[in-house]
Every structure is written in structure tokens, then in C-alpha cells.
Amino acid sequence: MKDEKQVNLSDMMDPFKMAGNLIFAGLAGDTAKLYDYLRDARNVLLSPMKTDIATTPYEVVYEEDRVKLKYYKPDTEPRLKHPFLIVYAQINRETMLDLQPGKSVVETFLRAGLDFYMIDWGYPTRKDRYLTLDDNINGYMDNIVDFILEKHNISSLHLMGICQGGTFSVVYTALHPEKIKNLVTTVTPTNFDTDANPLTIWARSLNPDELVETYGNIPGDIMNLGFLLLNPARLMIDKYVGFLENVNNFDFVENFVRMERWIFDSPDLSAETFREFITNFYKKNLLIKNELEVGGKKVDLKKITMPVLNIYAKYDHLVPPAMCDQFIGKIGSKDKEDLCLDTGHIGIYVSSKTQKEFGPKIIRWLLERDDVVKKATQKPAAKKPVAKQSQAKAKAPGK
Amino acid sequence: MNKEEKEKSMPQGTLLESWIKASTDFWKSTASMWPAPFGGISPVPGEAGKEGGDKSTADSWEMFPEIWQALFNLINKPVTGEFHPVSSLPEWMLKASQSLWSRYLLFQKQSMEGEEKVSTGELEGFANLSQKMTKAWLEMYEKEFGQILNMPQLGLTRVYQERVNQTIEKFTQFQRSLTEFVQFLLIPMEKTYLAVQAEIKNLEEQGKETLKDSKSYYQLWIRKLEGNYMALLKSAEYTEKLGETMKALHDYRVVRMQFLMDVLQDLPIPTNKDMDELYKDLYLLKKRVKELEKKVKSYER
């Protein structure tokens with residue numbers, strides 16, 4: 001009889017065999033246990049699951065091309081005097097902030113009485129391939145900010161950026177500081193001159209022109225493959241071994257499937273935006289050097305003088321702390337804070353542990369800095385057709 | 001072996017010779033049966049079926065077997081006037097096939113040597129072994145097939161033929177890069193295997209109890225695998241290999257797209273190029289309209 005401790009040569013080279021052995025070897029000795037495991041697994045996999053994500057109700061209040069603006073309103077009277085806008089990355093979807101009940105940043109904010117807007121970038125198609133950073137930041141983002149300011153008849157709002165959306169938010173704030181009351185950046189890459197992450201090493205050696213010529217818009221699947229290759233042992237093997245170990249646990253499987261649905265729901269990235277992002281950020285690191293230009297205007301980080309909260313994750317494999325922790329030192333603000341949490345890139349938003357730190361910290365920080373309300377100095381243009389169009393949504397001009 | 005010896009050693013009246021003779025006879029008899037081409041339909045109205053109705057065309061049909069014979073005469077030398085030297089044709093073919101066979105046998109030999117090393121425990125590394133086999137295959141490809149694909153093409157269809165050849169060539173290059181890249185990705189697997197084996201052996205030699213169960217083995221394996229992958233993924237070699245693979249992918253997709261566009265041109269389907277031009281116009285127009293609307297809006301205030 002084969003000793004369980006004996007390691008077979010071919011098994012060690014085959015991760016699937018290895019995983020299979022791991023799961024079944026312990027159970028094989030006990031037939032009843034193995035039977036229970038397989039029966040439970042079957043029951044779990046065949047039973048109906050609630051794997052929908054982003055189920056919190058919202059209202060689409062603005063649309064421009066494929067870009068939508070979602071508005072979330074709490075049941076109670078909103079506590080913030082200034083409107084609050086969240087900008088997610090164009091890689092993956094903003095649904096991550098509302099992945100599942102009990103582990104939802106959206107839910108946390110609403111429970112605390114915060115109303116907020118969130119940009120849904122949509123799914124770019126081939127016709128969006130010419131959209132540049134300027135179109136995204138000084139176009140869509142600026143139009144959305146103007147729409148919100150006009151709607152609230154106010155001169156500035158709170159801005160929160162996530163990952164690449166954080167980088168967009170930093171650029172936007174430097175270009176339009178007068179419209180931003182407070183800035184929150186979360187897992188936001190601003191320094192790209194680091195070898196802490198294989199992604200920065202690879203991106204520096206990439207030829208974005210060739211990739212754009214090859215694909216046009218960069219397919220989400222290609223980007224996902226790149227992200228998986230950042231840690232193949234954990235992301236392509238260990239993760240699924242964990243799944244097999246817990247496949248007889250309904251809650252685990254349900255949450256796992258939700259996460260899988262989110263991870264592989266990846267829109268393509270517009271070709272020109274990708275080209276610019278790789279060239280100006282990853283290759284030349286222009287932002288942190290204060291040499292970046294967007295739409296012909298210089299992005300001067302010293303112009304960011306409002307309060308800034310910069311949150312990043314200690315174990316982030318996509319945006320490691322080295323990509324985030326120089327930002328605060330480069331801006332002109334006096335009220336600024338770095339916060340490094342003991343979690344990873346996604347864990348910061350979805351782990352049970354950080355749910356108690358991340359959301360509440362942002363809520364406290366914003367409420368403390370939400371004091372003086374300045375009305376918009378100019379007559380708001382929102383009284384024109386934009387506001388009249390619908391209670392549900394307004395369409396942007398030029399659509 | 002000189003030519004005379006070879007001719008002697010070759011049996012006269014080989015299958016090939018018989019076939020060529022039979023086909024020549026067939027064409028000759030076919031040509032004589034038809035007074036005009038295409039079963040007697042003359043290109044000159046009213047002369048269909050008339051004997052000698054289109055003599056020039058009929059002549060050209062009769063010439064066909066002669067051209068057929070001349071072609072073989074060109075291939076085979078020396079030309080003796082008779083349809084004789086078919087016996088030297090295998091020499092031409094033999095040379096080509098000999099070259100291919102020698103490459104193939106070399107490849108086989110290298111594969112066998114590698115497999116033998118694995119079976120006798122003389123393992124020098126799966127990845128290395130696999131790389132050597134790939135290299136041998138590529139050598140064979142580059143010195144034989146690859147050269148044929150890069151031959152200059154002539155005539156009206158030159159461009160199209162070149163595109164087909166290039167698509168095959170670039171696809172092969174991409175497959176080559178991809179294979180090498182995947183082999184590279186397997187290196188940490190092999191390293192981890194060796195490291196885990198060494199660790200277990202070490203524990204046993206020290207008289208310590210080896211790992212308790214599969215889970216402990218797995219944890220040890222995955223931890224080491226992660227470390228080995230990290231080392232590989234940050235290495236300059238990996239980045240270089242990744243770059244090569246991406247470049248090969250780009251080159252292949254570009255020629256494939258050109259080839260597909262040639263095909264699509266004959267169909268009522270717009271190509272990506274057509275659509276991109278349209279999208280660019282649309283993009284610029286929209287941008288302009290948005291700018292103008294912003295200006296109008298600012299004037300209204």
C-alpha cells in the first residue's frame with residue numbers, strides 16, 4: 001500500500017494531481033467522510049445560488065456615450081453637505097464596491113448616511129479606441145463633475161479615486177483644484193519607478209504601439225492574464241485548491257463565485273488611453289516627476305492643496321505601497337494623511353477585517369472636512385434641458 | 001555514387017516513368033480526338049465541330065504533352081531528346097528528401113537522447129530538455145520550410161501569395177515564441193520539485209520526521225513554487241522572453257489581418273481598416289461638437 005507521505009515524482013510536476021491528492025488523500029482513509037464530502041459538494045453546486053453582484057439600488061442620473069453616472073441615496077437624510085463622487089478604474093468594474101451584502105463599501109457608506117455618485121465607465125468598443133486620457137479626464141470626468149456641481153448648486157465636491165481611477169482623480173484634481181473640496185485616493189498608483197511589482201517591470205519593456213496595432217482596444221482577458229501571471233502559484237493554483245477544499249460549504253462557494261464573476265468581468269481598455277498610460281506613467285513616470293501634460297496642460301501636483309487622504313494596502317500585489325507612498329510628499333496640501341492597511345488590493349474593499357477600518361475611516365475623515373459650503377458663483381446651467389430631461393437621467397450634450 | 005552507377009542501380013521502367021508516359025499518351029490522344037477545344041465548341045461562331053475549325057487552338061492542345069515532356073526534361077538532365085532520363089528524376093527528389101530526412105532524424109535522435117536521460121534518472125532538467133527539442137525542431141524548420149516560405153513570389157498574384165506565405169511564417173514564429181515562453185513558465189515547477197525533494201531528503205538524513213500529511217507537502221510545495229515564480233517573473237530573462245512573445249504575436253496578427261482583409265475585400269463586409277477610418281471621423285466630429293457646445297454654454301452664462 002502506498003504510503004501517504006511518499007511523494008510521487010510525476011505528482012509534484014502536475015499541480016492538478018497534487019491538488020487532487022491534497023483534497024482526497026485525507027478523506028480516502030474514511031469512506032464515509034469521503035462520501036459525505038462528495039454528497040455535500042454535489043448538493044452545494046446544484047443548489048440555487050444568489051451570485052448577483054452590485055444589487056444595491058441606484059439611479060442613473062447622467063449618461064454620455066457609454067459612460068453612466070450612478071447615484072446612491074441613503075434611506076435617511078444625507079449627512080454630507082458637499083456631493084461625493086467616486087471614480088473607479090477603467091480596468092475591471094466598479095461593482096467591486098458592492099460585491100456582497102455585509103462586505104460592501106456602498107452599503108457601509110449608505111448606512112452611515114452618505115449619498116454619493118459613482119462613475120460606471122461601461123464597456124468600450126472598437127469605436128472608443130481613439131479616446132485619450134484627455135477625453136476621459138477633461139472630457140467625461142469634467143462633464144460629470146460639472147453636472148453634479150450644477151445639480152447641487154455648489155462650487156466643489158468630495159472626490160474619491162480607486163486604483164487607476166485614483167490616478168485619474170489625482171490628475172483631475174491637479175488640473176481643476178477649484179472643483180475639489182477633499183480628495184481621497186485608495187490603492188492609487190502615482191509612482192511607477194519601482195521594481196516592487198513585476199507589472200511595472202513588464203510594462204516598462206512593453207511596446208504599447210505594437211499592442212495597440214495588434215488589438216486595437218486592449219482586451220480585458222489579456223489584462224487579466226497579465227494579472228494572473230503576477231502570482232501564478234496563488235492565483236491559478238492555490239486559489240482553486242482552496243475552492244475544492246471548501247466546495248461543500250455553501251456560503252464559501254457562493255462568495256467565491258461572486259468574486260469570480262467580478263474578477264473576470266473585465267471591459268477592454270481604449271487603445272489610446274492604454275498607450276498613454278503605459279508610456280507616460282509606467283515608462284516615463286511623468287506624474288510624480290511633475291512633468292505630465294494632459295490635454296496640453298501641465299499636471300502640477302503642487303496645485304493639490306485641499307485635504308488629501310491616501311489609503312493603500314501593505315500586501316497589494318498590483319499596486320504595492322512603493323507605488324503609492326510618495327504621492328503625499330509631492331502635493332501642496334497641509335492637511336494630508338497616508339494610511340497603510342494590513343490587506344491586499346481587493347481585500348481593502350471586501351475583507352471582513354477592513355470593512356471595519358476602510359469605510360468608517362473615510363466617512364469620519366470626510367464628515368470632519370465637510371464644513372463650509374460655498375454656493376456656485378455662476379448661475380447654474382442645470383435649469384436648461386439637462387435637468388428637465390428626466391428625473392432618472394440626463395443625457396450629455398453631443399451624444 | 002556517380003550518375004552512371006546510379007542510373008544502373010535504378011530499375012528502368014519505374015512506376016514514375018510509367019505514370020509520366022501514360023499521362024503523356026493520354027494528353028496526346030485527347031488532343032487528337034478533339035478537333036477543337038472544349039469538346040468541339042469552336043470560339044469562331046458557326047465553325048463548331050468543323051474539322052480543323054480552330055487549328056491554332058487544336059495545335060496548342062497538341063503541344064501540351066510536349067510541354068509536359070519538356071518540363072520533365074528540364075528537371076532531369078542531361079536532356080537527350082528522348083523521354084528517357086526519368087531515371088535521374090529521383091536524384092532531384094532524393095536530394096530534397098535526404099535533407100529533410102537527415103534533419104528529422106537529428107531531431108528524433110535528440111528527442112530520444114533526452115527521453116533516455118529522463119528514464120535513467122540522468123535528469124538535466126525538463127525545461128532544458130524541452131528547450132533542446134524545440135531548438136532542434138526550429139533548426140529543421142528554419143533550414144528547410146522557412147526558406148521556401150520566404151522565396152520571392154512573382155506575377156499578378158505576388159502580393160497575395162506573399163501574404164499567405166507570411167501568415168504561415170509568422171504563425172510558426174509565434175508558435176515558436178509561445179512554446180519557448182511556456183517552457184520558461186515551467187522552470188519554477190521543475191525547480192520546486194527539486195527543492196521539495198531535497199528538503200524531504202534532508203529531513204530524513206537528519207533523522208527528523210518528514211511532513212505529516214498531504215496538506216503539509218502541498219503547503220511546502222506551493223510556498224516554494226510561489227517564491228520560484230516571483231524570482232522568475234522579476235528576472236530580465238523572463239521580461240525579454242515575454243517581449244519576444246508579444247512581438248511575435250503582434251507580427252502574426254498584423255499579417256493575418258492583412259490576409260483576412262484581402263479575403264474580405266471580395267465580400268460585402270467592411271474591414272477593420274474601413275471601420276477604424278469611420279470611427280476616427282466620428283470621434284473627431286463628436287469631440288468638436290462637445291467643444292462647441294461647451295463654448296455656447298459658457299456664452300449663455
# chains A, B, ... in the order shown; residues from 1 in each chain; ligands from 1

$ select_by_dssp --residues "region 47-264 of chain A" --states "strand (DSSP E or B)" --output "ChimeraX atom specification"
/A:59-64,67-72,84-87,100,103,116-120,154,157-162,180-186,218

$ write_last_selection --atoms "C-alpha atoms" --output "PDB file, in the first residue's frame"
ATOM      1  CA  GLU A  59     -30.352  55.776 -10.097  1.00  0.00           C
ATOM      2  CA  VAL A  60     -28.604  56.626 -13.363  1.00  0.00           C
ATOM      3  CA  VAL A  61     -28.628  60.429 -13.368  1.00  0.00           C
ATOM      4  CA  TYR A  62     -26.336  61.199 -16.289  1.00  0.00           C
ATOM      5  CA  GLU A  63     -25.174  59.459 -19.441  1.00  0.00           C
ATOM      6  CA  GLU A  64     -22.587  60.370 -22.008  1.00  0.00           C
ATOM      7  CA  VAL A  67     -20.366  56.328 -19.544  1.00  0.00           C
ATOM      8  CA  LYS A  68     -23.037  56.451 -16.847  1.00  0.00           C
ATOM      9  CA  LEU A  69     -23.268  58.207 -13.515  1.00  0.00           C
ATOM     10  CA  LYS A  70     -24.898  56.213 -10.731  1.00  0.00           C
ATOM     11  CA  TYR A  71     -26.426  57.952  -7.746  1.00  0.00           C
ATOM     12  CA  TYR A  72     -26.807  56.153  -4.412  1.00  0.00           C
ATOM     13  CA  PHE A  84     -19.360  62.949  -3.095  1.00  0.00           C
ATOM     14  CA  LEU A  85     -18.084  61.366  -6.341  1.00  0.00           C
ATOM     15  CA  ILE A  86     -16.321  58.001  -6.627  1.00  0.00           C
ATOM     16  CA  VAL A  87     -14.192  57.261  -9.682  1.00  0.00           C
ATOM     17  CA  GLN A 100     -21.967  41.118  -1.483  1.00  0.00           C
ATOM     18  CA  LYS A 103     -18.949  43.172   2.565  1.00  0.00           C
ATOM     19  CA  PHE A 116     -22.750  59.567  -3.391  1.00  0.00           C
ATOM     20  CA  TYR A 117     -22.214  59.326  -7.129  1.00  0.00           C
ATOM     21  CA  MET A 118     -20.175  56.669  -8.869  1.00  0.00           C
ATOM     22  CA  ILE A 119     -18.884  56.595 -12.443  1.00  0.00           C
ATOM     23  CA  ASP A 120     -19.625  53.493 -14.479  1.00  0.00           C
ATOM     24  CA  ILE A 154     -22.315  74.202  -5.265  1.00  0.00           C
ATOM     25  CA  LEU A 157     -17.287  68.215  -4.282  1.00  0.00           C
ATOM     26  CA  HIS A 158     -15.523  65.378  -2.482  1.00  0.00           C
ATOM     27  CA  LEU A 159     -13.638  63.124  -4.871  1.00  0.00           C
ATOM     28  CA  MET A 160     -12.575  59.546  -4.195  1.00  0.00           C
ATOM     29  CA  GLY A 161     -10.481  57.608  -6.705  1.00  0.00           C
ATOM     30  CA  ILE A 162      -9.837  53.888  -6.820  1.00  0.00           C
ATOM     31  CA  ILE A 180     -12.454  69.580  -5.399  1.00  0.00           C
ATOM     32  CA  LYS A 181     -13.214  70.041  -1.714  1.00  0.00           C
ATOM     33  CA  ASN A 182     -11.438  66.915  -0.403  1.00  0.00           C
ATOM     34  CA  LEU A 183      -9.560  64.163  -2.196  1.00  0.00           C
ATOM     35  CA  VAL A 184      -9.420  60.502  -1.152  1.00  0.00           C
ATOM     36  CA  THR A 185      -7.129  58.190  -3.081  1.00  0.00           C
ATOM     37  CA  THR A 186      -7.290  54.446  -2.482  1.00  0.00           C
ATOM     38  CA  ILE A 218      -6.651  46.063 -25.171  1.00  0.00           C
TER      39      ILE A 218
END

$ residues_around --residues "region 294-301 of chain A" --least-positions-apart "2" --cutoff "12 Å" --atoms "only C-alpha atoms" --output "number ranges by chain"
A: 131-139, 167-177, 190, 273, 276-277, 280-281, 286-292, 303-306, 308, 326-333

$ atom_distance --atom1 "CA of Leu230 (chain A)" --atom2 "CA of Pro320 (chain A)"
12.2 Å

$ residues_around --residues "region 257-271 of chain A" --least-positions-apart "4" --cutoff "6 Å" --atoms "only C-alpha atoms" --output "count of residues only"
11

$ closest_residue --among "B:Arg176, B:Lys224, B:Lys241, B:Lys294" --to "Glu199 (chain B)" --atoms "only C-alpha atoms"
B:Lys224

$ closest_residue --among "A:Arg39, A:Lys33, A:Arg79, A:Arg204" --to "chain B" --atoms "only C-alpha atoms"
A:Arg204
